[in-house]
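upload25.pdb (PDB, C-alpha atoms) appears below.
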ATOM      1  CA  MET A   1     -46.159 -27.686  23.526
ATOM      2  CA  LYS A   2     -42.373 -27.980  23.181
ATOM      3  CA  LEU A   3     -39.911 -27.839  26.042
ATOM      4  CA  ARG A   4     -38.086 -24.530  26.428
ATOM      5  CA  PRO A   5     -35.260 -25.158  28.859
ATOM      6  CA  LEU A   6     -34.201 -21.494  28.885
ATOM      7  CA  PHE A   7     -34.735 -18.374  26.839
ATOM      8  CA  TYR A   8     -33.291 -14.885  26.548
ATOM      9  CA  PHE A   9     -34.851 -11.443  26.332
ATOM     10  CA  LYS A  10     -33.683  -9.604  23.223
ATOM     11  CA  ASP A  11     -33.984  -6.229  24.927
ATOM     12  CA  GLN A  12     -31.646  -7.274  27.762
ATOM     13  CA  ILE A  13     -28.713  -8.484  25.680
ATOM     14  CA  LYS A  14     -26.387  -6.752  23.237
ATOM     15  CA  ILE A  15     -26.263  -8.195  19.742
ATOM     16  CA  GLY A  16     -23.770  -7.104  17.105
ATOM     17  CA  GLN A  17     -21.122  -5.674  19.441
ATOM     18  CA  GLU A  18     -17.535  -5.433  18.240
ATOM     19  CA  LYS A  19     -15.707  -8.499  19.587
ATOM     20  CA  THR A  20     -12.672  -7.143  21.443
ATOM     21  CA  ILE A  21     -12.190  -9.924  24.027
ATOM     22  CA  ASP A  22     -10.862 -13.247  22.716
ATOM     23  CA  VAL A  23     -12.079 -15.367  25.641
ATOM     24  CA  SER A  24     -14.052 -14.607  28.802
ATOM     25  CA  PHE A  25     -15.606 -16.104  31.880
ATOM     26  CA  VAL A  26     -17.883 -14.569  34.517
ATOM     27  CA  GLY A  27     -19.089 -16.677  37.442
ATOM     28  CA  ASN A  28     -18.505 -18.218  40.854
ATOM     29  CA  ASP A  29     -15.547 -20.421  41.603
ATOM     30  CA  HIS A  30     -16.327 -24.093  42.118
ATOM     31  CA  THR A  31     -14.796 -27.480  41.326
ATOM     32  CA  ASP A  32     -11.910 -26.874  38.905
ATOM     33  CA  ARG A  33     -12.912 -23.564  37.297
ATOM     34  CA  TYR A  34      -9.889 -21.735  38.674
ATOM     35  CA  GLU A  35      -7.514 -24.407  37.386
ATOM     36  CA  LEU A  36      -9.012 -24.211  33.879
ATOM     37  CA  LEU A  37      -8.947 -20.409  33.871
ATOM     38  CA  LYS A  38      -5.265 -20.435  34.893
ATOM     39  CA  ARG A  39      -4.553 -22.690  31.926
ATOM     40  CA  VAL A  40      -6.564 -20.523  29.534
ATOM     41  CA  LYS A  41      -4.847 -17.386  30.872
ATOM     42  CA  ARG A  42      -1.433 -18.940  30.195
ATOM     43  CA  ILE A  43      -2.530 -20.073  26.711
ATOM     44  CA  CYS A  44      -3.804 -16.568  25.936
ATOM     45  CA  ASN A  45      -0.622 -14.890  27.226
ATOM     46  CA  ASP A  46       1.565 -17.302  25.246
ATOM     47  CA  ASN A  47      -0.374 -16.630  22.032
ATOM     48  CA  GLY A  48      -1.139 -12.911  22.211
ATOM     49  CA  LEU A  49      -4.857 -13.395  22.905
ATOM     50  CA  SER A  50      -6.954 -11.220  25.206
ATOM     51  CA  TYR A  51      -9.059 -12.511  28.088
ATOM     52  CA  LYS A  52     -11.409 -11.181  30.735
ATOM     53  CA  PHE A  53     -12.155 -13.365  33.750
ATOM     54  CA  CYS A  54     -14.359 -12.369  36.687
ATOM     55  CA  LEU A  55     -14.180 -15.258  39.120
ATOM     56  CA  LEU A  56     -16.228 -14.630  42.249
ATOM     57  CA  ILE A  57     -14.509 -16.183  45.240
ATOM     58  CA  GLY A  58     -16.468 -14.808  48.217
ATOM     59  CA  LYS A  59     -15.607 -12.224  50.833
ATOM     60  CA  ILE A  60     -13.720 -14.408  53.291
ATOM     61  CA  GLU A  61     -11.484 -16.050  50.683
ATOM     62  CA  TYR A  62     -11.004 -12.750  48.830
ATOM     63  CA  THR A  63     -10.006 -10.958  52.038
ATOM     64  CA  LYS A  64      -7.643 -13.771  53.026
ATOM     65  CA  PHE A  65      -6.122 -13.860  49.548
ATOM     66  CA  ILE A  66      -5.795 -10.106  48.903
ATOM     67  CA  ARG A  67      -5.249  -8.602  52.353
ATOM     68  CA  PHE A  68      -3.400 -11.458  54.065
ATOM     69  CA  PRO A  69      -1.307 -13.090  51.331
ATOM     70  CA  PHE A  70       0.802 -14.876  53.934
ATOM     71  CA  LEU A  71      -2.198 -17.079  54.759
ATOM     72  CA  LYS A  72      -2.543 -20.281  52.786
ATOM     73  CA  SER A  73      -4.817 -19.960  49.756
ATOM     74  CA  LYS A  74      -5.384 -22.020  46.627
ATOM     75  CA  TYR A  75      -5.256 -18.774  44.621
ATOM     76  CA  ALA A  76      -2.016 -17.361  43.251
ATOM     77  CA  LYS A  77      -1.172 -13.670  43.703
ATOM     78  CA  GLU A  78      -0.289 -13.331  40.000
ATOM     79  CA  ASP A  79      -3.910 -14.183  39.163
ATOM     80  CA  ALA A  80      -5.386 -11.384  41.312
ATOM     81  CA  GLU A  81      -6.931  -9.590  38.295
ATOM     82  CA  MET A  82      -9.116 -12.656  37.675
ATOM     83  CA  PHE A  83     -10.931 -12.418  41.001
ATOM     84  CA  SER A  84     -13.886 -10.494  42.273
ATOM     85  CA  GLU A  85     -15.197 -10.193  45.798
ATOM     86  CA  SER A  86     -18.641  -8.935  44.908
ATOM     87  CA  GLY A  87     -19.178 -10.080  41.324
ATOM     88  CA  VAL A  88     -20.411  -7.908  38.476
ATOM     89  CA  SER A  89     -23.773  -6.376  37.703
ATOM     90  CA  TYR A  90     -25.937  -7.947  35.015
ATOM     91  CA  SER A  91     -25.210  -5.031  32.677
ATOM     92  CA  GLU A  92     -21.434  -5.493  33.221
ATOM     93  CA  TYR A  93     -21.850  -9.222  32.581
ATOM     94  CA  VAL A  94     -23.760  -8.564  29.345
ATOM     95  CA  ASP A  95     -21.104  -6.059  28.263
ATOM     96  CA  ILE A  96     -18.306  -8.601  28.762
ATOM     97  CA  ILE A  97     -20.149 -11.465  27.043
ATOM     98  CA  SER A  98     -21.290  -9.296  24.125
ATOM     99  CA  LYS A  99     -17.675  -8.272  23.411
ATOM    100  CA  SER A 100     -16.359 -11.852  23.698
ATOM    101  CA  LYS A 101     -15.462 -14.089  20.789
ATOM    102  CA  VAL A 102     -15.394 -17.154  23.047
ATOM    103  CA  VAL A 103     -17.106 -17.711  26.415
ATOM    104  CA  ILE A 104     -16.136 -20.449  28.863
ATOM    105  CA  ASP A 105     -18.988 -22.377  30.487
ATOM    106  CA  MET A 106     -18.265 -24.875  33.254
ATOM    107  CA  PRO A 107     -21.498 -25.798  35.009
ATOM    108  CA  TYR A 108     -21.735 -27.593  38.319
ATOM    109  CA  GLU A 109     -21.015 -31.308  38.141
ATOM    110  CA  GLY A 110     -24.197 -33.237  37.519
ATOM    111  CA  GLN A 111     -26.052 -30.399  35.808
ATOM    112  CA  THR A 112     -28.167 -31.933  33.076
ATOM    113  CA  GLY A 113     -29.441 -28.950  31.101
ATOM    114  CA  LEU A 114     -28.099 -25.798  29.560
ATOM    115  CA  THR A 115     -26.883 -22.892  31.652
ATOM    116  CA  MET A 116     -28.208 -19.382  31.196
ATOM    117  CA  ARG A 117     -24.632 -18.417  30.261
ATOM    118  CA  THR A 118     -24.874 -20.819  27.300
ATOM    119  CA  VAL A 119     -28.049 -19.271  25.925
ATOM    120  CA  GLU A 120     -26.929 -15.676  26.490
ATOM    121  CA  ALA A 121     -23.436 -16.196  25.057
ATOM    122  CA  LEU A 122     -24.725 -17.907  21.920
ATOM    123  CA  ALA A 123     -27.451 -15.274  21.507
ATOM    124  CA  MET A 124     -24.770 -12.572  21.591
ATOM    125  CA  GLY A 125     -22.696 -14.329  18.927
ATOM    126  CA  ALA A 126     -19.972 -15.851  21.090
ATOM    127  CA  ARG A 127     -18.617 -19.340  20.595
ATOM    128  CA  LEU A 128     -18.790 -21.559  23.673
ATOM    129  CA  ILE A 129     -16.154 -23.716  25.309
ATOM    130  CA  THR A 130     -18.074 -25.911  27.730
ATOM    131  CA  SER A 131     -17.739 -28.984  29.884
ATOM    132  CA  ASN A 132     -21.495 -29.555  29.571
ATOM    133  CA  GLU A 133     -22.011 -32.539  27.268
ATOM    134  CA  ALA A 134     -25.788 -32.051  27.501
ATOM    135  CA  ILE A 135     -25.487 -29.329  24.860
ATOM    136  CA  GLU A 136     -25.198 -32.078  22.237
ATOM    137  CA  LYS A 137     -28.855 -32.974  22.850
ATOM    138  CA  TYR A 138     -30.011 -29.588  21.547
ATOM    139  CA  LYS A 139     -30.049 -30.159  17.807
ATOM    140  CA  ASP A 140     -31.004 -26.542  17.063
ATOM    141  CA  ILE A 141     -27.687 -25.357  18.524
ATOM    142  CA  SER A 142     -25.097 -25.541  15.760
ATOM    143  CA  LEU A 143     -22.154 -27.879  16.298
ATOM    144  CA  ASN A 144     -19.940 -25.009  15.091
ATOM    145  CA  SER A 145     -21.011 -22.830  17.988
ATOM    146  CA  TYR A 146     -19.421 -24.860  20.795
ATOM    147  CA  SER A 147     -16.572 -27.151  21.788
ATOM    148  CA  ILE A 148     -16.758 -29.619  24.646
ATOM    149  CA  ILE A 149     -13.775 -29.933  26.961
ATOM    150  CA  ASN A 150     -12.928 -31.906  30.067
ATOM    151  CA  CYS A 151     -10.003 -32.129  32.492
ATOM    152  CA  ASN A 152      -8.052 -34.206  29.946
ATOM    153  CA  THR A 153      -8.335 -31.653  27.134
ATOM    154  CA  GLN A 154      -4.854 -30.648  26.020
ATOM    155  CA  ASP A 155      -3.726 -27.002  25.874
ATOM    156  CA  GLU A 156      -3.330 -27.229  22.096
ATOM    157  CA  GLU A 157      -6.982 -28.250  21.752
ATOM    158  CA  ILE A 158      -8.123 -25.371  23.945
ATOM    159  CA  LEU A 159      -6.039 -22.953  21.866
ATOM    160  CA  SER A 160      -7.560 -24.410  18.699
ATOM    161  CA  TYR A 161     -11.071 -23.884  20.108
ATOM    162  CA  VAL A 162     -10.271 -20.272  20.995
ATOM    163  CA  ILE A 163      -8.753 -19.561  17.580
ATOM    164  CA  THR A 164     -11.686 -21.258  15.835
ATOM    165  CA  GLY A 165     -13.977 -18.903  17.720
ATOM    166  CA  GLN A 166     -12.224 -15.903  16.182
ATOM    167  CA  ASN A 167     -13.800 -16.310  12.759
ATOM    168  CA  ASN A 168     -17.323 -17.530  13.394
ATOM    169  CA  GLU A 169     -20.488 -15.601  12.732
ATOM    170  CA  LEU A 170     -22.856 -17.460  15.025
ATOM    171  CA  GLU A 171     -26.522 -17.133  15.670
ATOM    172  CA  LEU A 172     -28.635 -18.875  18.256
ATOM    173  CA  ALA A 173     -31.863 -20.342  16.988
ATOM    174  CA  ASP A 174     -34.731 -17.862  17.358
ATOM    175  CA  ARG A 175     -36.677 -20.392  19.388
ATOM    176  CA  TYR A 176     -34.619 -19.382  22.454
ATOM    177  CA  GLU A 177     -35.851 -15.761  22.300
ATOM    178  CA  CYS A 178     -38.577 -15.172  24.882
ATOM    179  CA  GLY A 179     -41.173 -13.677  22.515
ATOM    180  CA  ILE A 180     -40.968 -16.571  20.093
ATOM    181  CA  ALA A 181     -40.931 -19.139  22.887
ATOM    182  CA  LEU A 182     -44.119 -17.612  24.332
ATOM    183  CA  LYS A 183     -45.847 -17.622  20.935
ATOM    184  CA  GLU A 184     -45.093 -21.306  20.506
ATOM    185  CA  MET A 185     -46.472 -22.057  23.976
ATOM    186  CA  ILE A 186     -49.756 -20.249  23.364
TER     187      ILE A 186
END

Structure translated into structure tokens:
Amino acid sequence: MKLRPLFYFKDQIKIGQEKTIDVSFVGNDHTDRYELLKRVKRICNDNGLSYKFCLLIGKIEYTKFIRFPFLKSKYAKEDAEMFSESGVSYSEYVDIISKSKVVIDMPYEGQTGLTMRTVEALAMGARLITSNEAIEKYKDISLNSYSIINCNTQDEEILSYVITGQNNELELADRYECGIALKEMI
């Protein structure tokens, strides 16, 4: 039996959607996600690229930030469209990822495996920008389907990764699809 770290259900994702969003992110705020998304937003605005960010910041912080802007917050008012108090449904998440050319993945520090976002984004044909170096261990994931970044990655490199993602026809190895994974286990 082979290890299957994660898998996706073909009937729950959208494959072959028109890619209308250049770069996206959906997830909770932690560590330096907000700082990276601010940089990517600026890069996109400076280069005529589209983005869709849904950064969940929690009710207390969201209320403080939106309703009481005079209170101190690490979030800037001009970034308000990036934030969500309650998140998005799974179907909204799938819709955003399926329309994205590039998806940002920044897992929690110390995470050693792939995230579900990685598997779903690659299955839906998006290129990945990730801080997760563990992806290099998965030899069946094409090197052309991701770029690894860290806090020292320059804006020009990030822009290059986003632009590179514009022209790729990517496909995740079938072994990450649930039906095939189950067959191999049996």

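Using all atoms listed in the file, the nearest neighbour of Val103 of chain A within the list A:Asn150, A:Ser91, A:Ser145, A:Ser84 is A:Ser145.
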
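If all atoms listed in the file are the atoms counted, then among A:Glu35, A:Glu78, A:Asp29, A:Glu92 the closest residue to Glu61 of chain A is A:Asp29.
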
Between A:Tyr161, A:Asp105, A:Phe65, A:Ala123, which one has atoms that come closest to Ile135 of chain A, using all atoms listed in the file? A:Asp105

Just checking: using all atoms listed in the file, which residue out of A:Lys139, A:Lys38, A:Lys64, A:Arg117 ends up closest to Tyr51 of chain A? A:Lys38

Tell me which residues the PyMOL selection byres ((chain A and resi 17) around 9) grabs here, as a ChimeraX atom specification. /A:14-16,18-20,95,98-100,124-125

Give me, please, the distance in Å between atom CA of Val119 of chain A and atom CA of Ile148 of chain A, quoted to one decimal. 15.4 Å

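Of the listed residues (A:Arg42, A:Ala121, A:Leu36, A:Arg127), A:Ala121 comes nearest to Ile97 of chain A; the distances count all atoms listed in the file.
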
Written as JSON, numbers by chain, which residues does the PyMOL selection byres ((chain A and resi 149) around 12) give for the file shown? {"A": [36, 104, 105, 106, 107, 128, 129, 130, 131, 132, 133, 135, 146, 147, 148, 150, 151, 152, 153, 154, 155, 156, 157, 158, 159, 160, 161, 162]}

Could you write those residues out with C-alpha atoms, as an mmCIF file, in the coordinates of the input?
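See part.cif below for the written result:
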data_model
loop_
_atom_site.group_PDB
_atom_site.id
_atom_site.type_symbol
_atom_site.label_atom_id
_atom_site.label_comp_id
_atom_site.auth_asym_id
_atom_site.auth_seq_id
_atom_site.Cartn_x
_atom_site.Cartn_y
_atom_site.Cartn_z
ATOM 1 C CA LEU A 36 -9.012 -24.211 33.879
ATOM 2 C CA ILE A 104 -16.136 -20.449 28.863
ATOM 3 C CA ASP A 105 -18.988 -22.377 30.487
ATOM 4 C CA MET A 106 -18.265 -24.875 33.254
ATOM 5 C CA PRO A 107 -21.498 -25.798 35.009
ATOM 6 C CA LEU A 128 -18.790 -21.559 23.673
ATOM 7 C CA ILE A 129 -16.154 -23.716 25.309
ATOM 8 C CA THR A 130 -18.074 -25.911 27.730
ATOM 9 C CA SER A 131 -17.739 -28.984 29.884
ATOM 10 C CA ASN A 132 -21.495 -29.555 29.571
ATOM 11 C CA GLU A 133 -22.011 -32.539 27.268
ATOM 12 C CA ILE A 135 -25.487 -29.329 24.860
ATOM 13 C CA TYR A 146 -19.421 -24.860 20.795
ATOM 14 C CA SER A 147 -16.572 -27.151 21.788
ATOM 15 C CA ILE A 148 -16.758 -29.619 24.646
ATOM 16 C CA ASN A 150 -12.928 -31.906 30.067
ATOM 17 C CA CYS A 151 -10.003 -32.129 32.492
ATOM 18 C CA ASN A 152 -8.052 -34.206 29.946
ATOM 19 C CA THR A 153 -8.335 -31.653 27.134
ATOM 20 C CA GLN A 154 -4.854 -30.648 26.020
ATOM 21 C CA ASP A 155 -3.726 -27.002 25.874
ATOM 22 C CA GLU A 156 -3.330 -27.229 22.096
ATOM 23 C CA GLU A 157 -6.982 -28.250 21.752
ATOM 24 C CA ILE A 158 -8.123 -25.371 23.945
ATOM 25 C CA LEU A 159 -6.039 -22.953 21.866
ATOM 26 C CA SER A 160 -7.560 -24.410 18.699
ATOM 27 C CA TYR A 161 -11.071 -23.884 20.108
ATOM 28 C CA VAL A 162 -10.271 -20.272 20.995
#

Rounded to one decimal place, report the atom CA of Cys54 of chain A-atom CA of Gly87 of chain A distance in Å. 7.1 Å

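Distances here use only C-alpha atoms; by that measure, the residue among A:Glu136, A:Glu120, A:Glu85, A:Glu109 closest to Leu55 of chain A is A:Glu85.
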
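Taken over the whole file, the PyMOL selection byres ((chain A and resi 48) around 12) covers exactly Ile21, Asp22, Val23, Val40, Lys41, Arg42, Ile43, Cys44, Asn45, Asp46, Asn47, Leu49, Ser50, Tyr51, Leu159, Val162 and Ile163 of chain A.
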
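Close contacts of Asp79 of chain A, defined as residues with an atom at most 10 Å away when counting only C-alpha atoms, with chain neighbours fewer than 3 positions off set aside, comprise A:Tyr34, A:Leu37, A:Lys38, A:Lys41, A:Phe53, A:Tyr75, A:Ala76, A:Met82, A:Phe83.
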
Size and centre in Å, one decimal, axis-aligned box, all listed segment 30-40 of chain A atoms plus 6 Å per side, as JSON:
{"center_x": -10.4, "center_y": -23.9, "center_z": 35.8, "size_x": 23.8, "size_y": 19.1, "size_z": 24.6}

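Residues with any atom within 12 Å of Thr63 of chain A, counting all atoms listed in the file and excluding same-chain neighbours fewer than 4 positions away, are Ile57, Gly58, Lys59, Arg67, Phe68, Pro69, Phe70, Leu71, Lys72, Ser73, Tyr75, Ala80, Phe83, Ser84, Glu85 and Ser86 of chain A.
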
If I only want segment 43-144 of chain A, can you write it with C-alpha atoms, as a PDB file, in the first residue's frame?
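The resulting result05.pdb:
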ATOM      1  CA  ILE A  43       2.057  43.693  -7.634  1.00  0.00           C
ATOM      2  CA  CYS A  44      -1.249  42.836  -9.321  1.00  0.00           C
ATOM      3  CA  ASN A  45      -2.456  46.462  -9.289  1.00  0.00           C
ATOM      4  CA  ASP A  46       0.875  47.681 -10.683  1.00  0.00           C
ATOM      5  CA  ASN A  47       0.769  45.136 -13.521  1.00  0.00           C
ATOM      6  CA  GLY A  48      -2.904  45.036 -14.495  1.00  0.00           C
ATOM      7  CA  LEU A  49      -3.521  41.578 -13.011  1.00  0.00           C
ATOM      8  CA  SER A  50      -6.708  40.488 -11.256  1.00  0.00           C
ATOM      9  CA  TYR A  51      -6.861  38.986  -7.775  1.00  0.00           C
ATOM     10  CA  LYS A  52      -9.427  37.607  -5.365  1.00  0.00           C
ATOM     11  CA  PHE A  53      -8.482  37.297  -1.700  1.00  0.00           C
ATOM     12  CA  CYS A  54     -10.792  36.075   1.065  1.00  0.00           C
ATOM     13  CA  LEU A  55      -8.806  36.394   4.267  1.00  0.00           C
ATOM     14  CA  LEU A  56     -10.798  35.311   7.306  1.00  0.00           C
ATOM     15  CA  ILE A  57      -9.859  37.451  10.282  1.00  0.00           C
ATOM     16  CA  GLY A  58     -12.476  36.534  12.908  1.00  0.00           C
ATOM     17  CA  LYS A  59     -15.454  38.413  14.274  1.00  0.00           C
ATOM     18  CA  ILE A  60     -13.734  40.482  16.945  1.00  0.00           C
ATOM     19  CA  GLU A  61     -10.916  41.713  14.699  1.00  0.00           C
ATOM     20  CA  TYR A  62     -13.305  42.233  11.770  1.00  0.00           C
ATOM     21  CA  THR A  63     -15.695  44.266  13.928  1.00  0.00           C
ATOM     22  CA  LYS A  64     -12.843  46.325  15.375  1.00  0.00           C
ATOM     23  CA  PHE A  65     -11.368  46.902  11.924  1.00  0.00           C
ATOM     24  CA  ILE A  66     -14.573  47.647   9.980  1.00  0.00           C
ATOM     25  CA  ARG A  67     -16.874  49.262  12.542  1.00  0.00           C
ATOM     26  CA  PHE A  68     -14.317  51.004  14.763  1.00  0.00           C
ATOM     27  CA  PRO A  69     -11.504  52.069  12.424  1.00  0.00           C
ATOM     28  CA  PHE A  70     -10.145  54.448  15.051  1.00  0.00           C
ATOM     29  CA  LEU A  71      -9.045  51.438  17.115  1.00  0.00           C
ATOM     30  CA  LYS A  72      -5.568  50.113  16.461  1.00  0.00           C
ATOM     31  CA  SER A  73      -5.481  47.239  13.973  1.00  0.00           C
ATOM     32  CA  LYS A  74      -2.767  45.597  11.902  1.00  0.00           C
ATOM     33  CA  TYR A  75      -5.142  45.733   8.915  1.00  0.00           C
ATOM     34  CA  ALA A  76      -5.292  48.713   6.577  1.00  0.00           C
ATOM     35  CA  LYS A  77      -8.650  50.214   5.572  1.00  0.00           C
ATOM     36  CA  GLU A  78      -7.651  50.193   1.883  1.00  0.00           C
ATOM     37  CA  ASP A  79      -7.446  46.390   2.065  1.00  0.00           C
ATOM     38  CA  ALA A  80     -11.021  45.955   3.352  1.00  0.00           C
ATOM     39  CA  GLU A  81     -12.134  44.012   0.237  1.00  0.00           C
ATOM     40  CA  MET A  82      -9.613  41.286   1.118  1.00  0.00           C
ATOM     41  CA  PHE A  83     -11.250  40.414   4.431  1.00  0.00           C
ATOM     42  CA  SER A  84     -14.093  38.209   5.480  1.00  0.00           C
ATOM     43  CA  GLU A  85     -15.730  37.877   8.863  1.00  0.00           C
ATOM     44  CA  SER A  86     -17.422  34.563   8.238  1.00  0.00           C
ATOM     45  CA  GLY A  87     -15.412  32.980   5.428  1.00  0.00           C
ATOM     46  CA  VAL A  88     -16.854  31.438   2.283  1.00  0.00           C
ATOM     47  CA  SER A  89     -18.815  28.275   1.656  1.00  0.00           C
ATOM     48  CA  TYR A  90     -17.054  25.291   0.115  1.00  0.00           C
ATOM     49  CA  SER A  91     -18.886  25.867  -3.174  1.00  0.00           C
ATOM     50  CA  GLU A  92     -17.750  29.538  -3.202  1.00  0.00           C
ATOM     51  CA  TYR A  93     -14.202  28.394  -2.434  1.00  0.00           C
ATOM     52  CA  VAL A  94     -14.282  25.870  -5.294  1.00  0.00           C
ATOM     53  CA  ASP A  95     -15.664  28.535  -7.635  1.00  0.00           C
ATOM     54  CA  ILE A  96     -12.815  30.932  -6.812  1.00  0.00           C
ATOM     55  CA  ILE A  97     -10.074  28.292  -7.075  1.00  0.00           C
ATOM     56  CA  SER A  98     -11.470  26.821 -10.300  1.00  0.00           C
ATOM     57  CA  LYS A  99     -11.371  30.260 -11.969  1.00  0.00           C
ATOM     58  CA  SER A 100      -7.839  31.025 -10.714  1.00  0.00           C
ATOM     59  CA  LYS A 101      -4.690  30.807 -12.789  1.00  0.00           C
ATOM     60  CA  VAL A 102      -2.514  30.949  -9.668  1.00  0.00           C
ATOM     61  CA  VAL A 103      -3.402  30.060  -6.062  1.00  0.00           C
ATOM     62  CA  ILE A 104      -1.376  31.162  -3.043  1.00  0.00           C
ATOM     63  CA  ASP A 105      -0.736  28.535  -0.365  1.00  0.00           C
ATOM     64  CA  MET A 106       0.914  29.517   2.911  1.00  0.00           C
ATOM     65  CA  PRO A 107       0.496  26.717   5.435  1.00  0.00           C
ATOM     66  CA  TYR A 108       1.112  27.028   9.144  1.00  0.00           C
ATOM     67  CA  GLU A 109       4.770  27.086  10.125  1.00  0.00           C
ATOM     68  CA  GLY A 110       6.009  23.586  10.795  1.00  0.00           C
ATOM     69  CA  GLN A 111       3.467  21.836   8.582  1.00  0.00           C
ATOM     70  CA  THR A 112       5.218  18.895   6.977  1.00  0.00           C
ATOM     71  CA  GLY A 113       2.754  17.658   4.365  1.00  0.00           C
ATOM     72  CA  LEU A 114       0.608  19.056   1.618  1.00  0.00           C
ATOM     73  CA  THR A 115      -2.429  21.196   2.326  1.00  0.00           C
ATOM     74  CA  MET A 116      -5.848  20.370   0.941  1.00  0.00           C
ATOM     75  CA  ARG A 117      -5.636  23.708  -0.905  1.00  0.00           C
ATOM     76  CA  THR A 118      -2.580  22.364  -2.763  1.00  0.00           C
ATOM     77  CA  VAL A 119      -4.334  19.233  -3.983  1.00  0.00           C
ATOM     78  CA  GLU A 120      -7.573  21.010  -4.901  1.00  0.00           C
ATOM     79  CA  ALA A 121      -5.857  23.911  -6.680  1.00  0.00           C
ATOM     80  CA  LEU A 122      -3.630  21.631  -8.747  1.00  0.00           C
ATOM     81  CA  ALA A 123      -6.572  19.339  -9.536  1.00  0.00           C
ATOM     82  CA  MET A 124      -8.480  22.349 -10.875  1.00  0.00           C
ATOM     83  CA  GLY A 125      -5.577  23.394 -13.103  1.00  0.00           C
ATOM     84  CA  ALA A 126      -4.188  26.294 -11.084  1.00  0.00           C
ATOM     85  CA  ARG A 127      -0.498  26.915 -10.589  1.00  0.00           C
ATOM     86  CA  LEU A 128       0.595  27.163  -6.959  1.00  0.00           C
ATOM     87  CA  ILE A 129       2.709  29.748  -5.191  1.00  0.00           C
ATOM     88  CA  THR A 130       3.572  28.167  -1.856  1.00  0.00           C
ATOM     89  CA  SER A 131       5.848  28.536   1.123  1.00  0.00           C
ATOM     90  CA  ASN A 132       5.605  24.779   1.715  1.00  0.00           C
ATOM     91  CA  GLU A 133       8.939  23.244   0.713  1.00  0.00           C
ATOM     92  CA  ALA A 134       7.546  19.768   1.449  1.00  0.00           C
ATOM     93  CA  ILE A 135       5.888  19.830  -1.975  1.00  0.00           C
ATOM     94  CA  GLU A 136       9.285  19.022  -3.499  1.00  0.00           C
ATOM     95  CA  LYS A 137       9.088  15.538  -1.960  1.00  0.00           C
ATOM     96  CA  TYR A 138       6.077  14.644  -4.113  1.00  0.00           C
ATOM     97  CA  LYS A 139       7.718  13.590  -7.356  1.00  0.00           C
ATOM     98  CA  ASP A 140       4.372  13.063  -9.110  1.00  0.00           C
ATOM     99  CA  ILE A 141       3.602  16.783  -8.775  1.00  0.00           C
ATOM    100  CA  SER A 142       5.198  18.544 -11.730  1.00  0.00           C
ATOM    101  CA  LEU A 143       7.880  21.122 -10.968  1.00  0.00           C
ATOM    102  CA  ASN A 144       6.095  23.392 -13.469  1.00  0.00           C
TER     103      ASN A 144
END
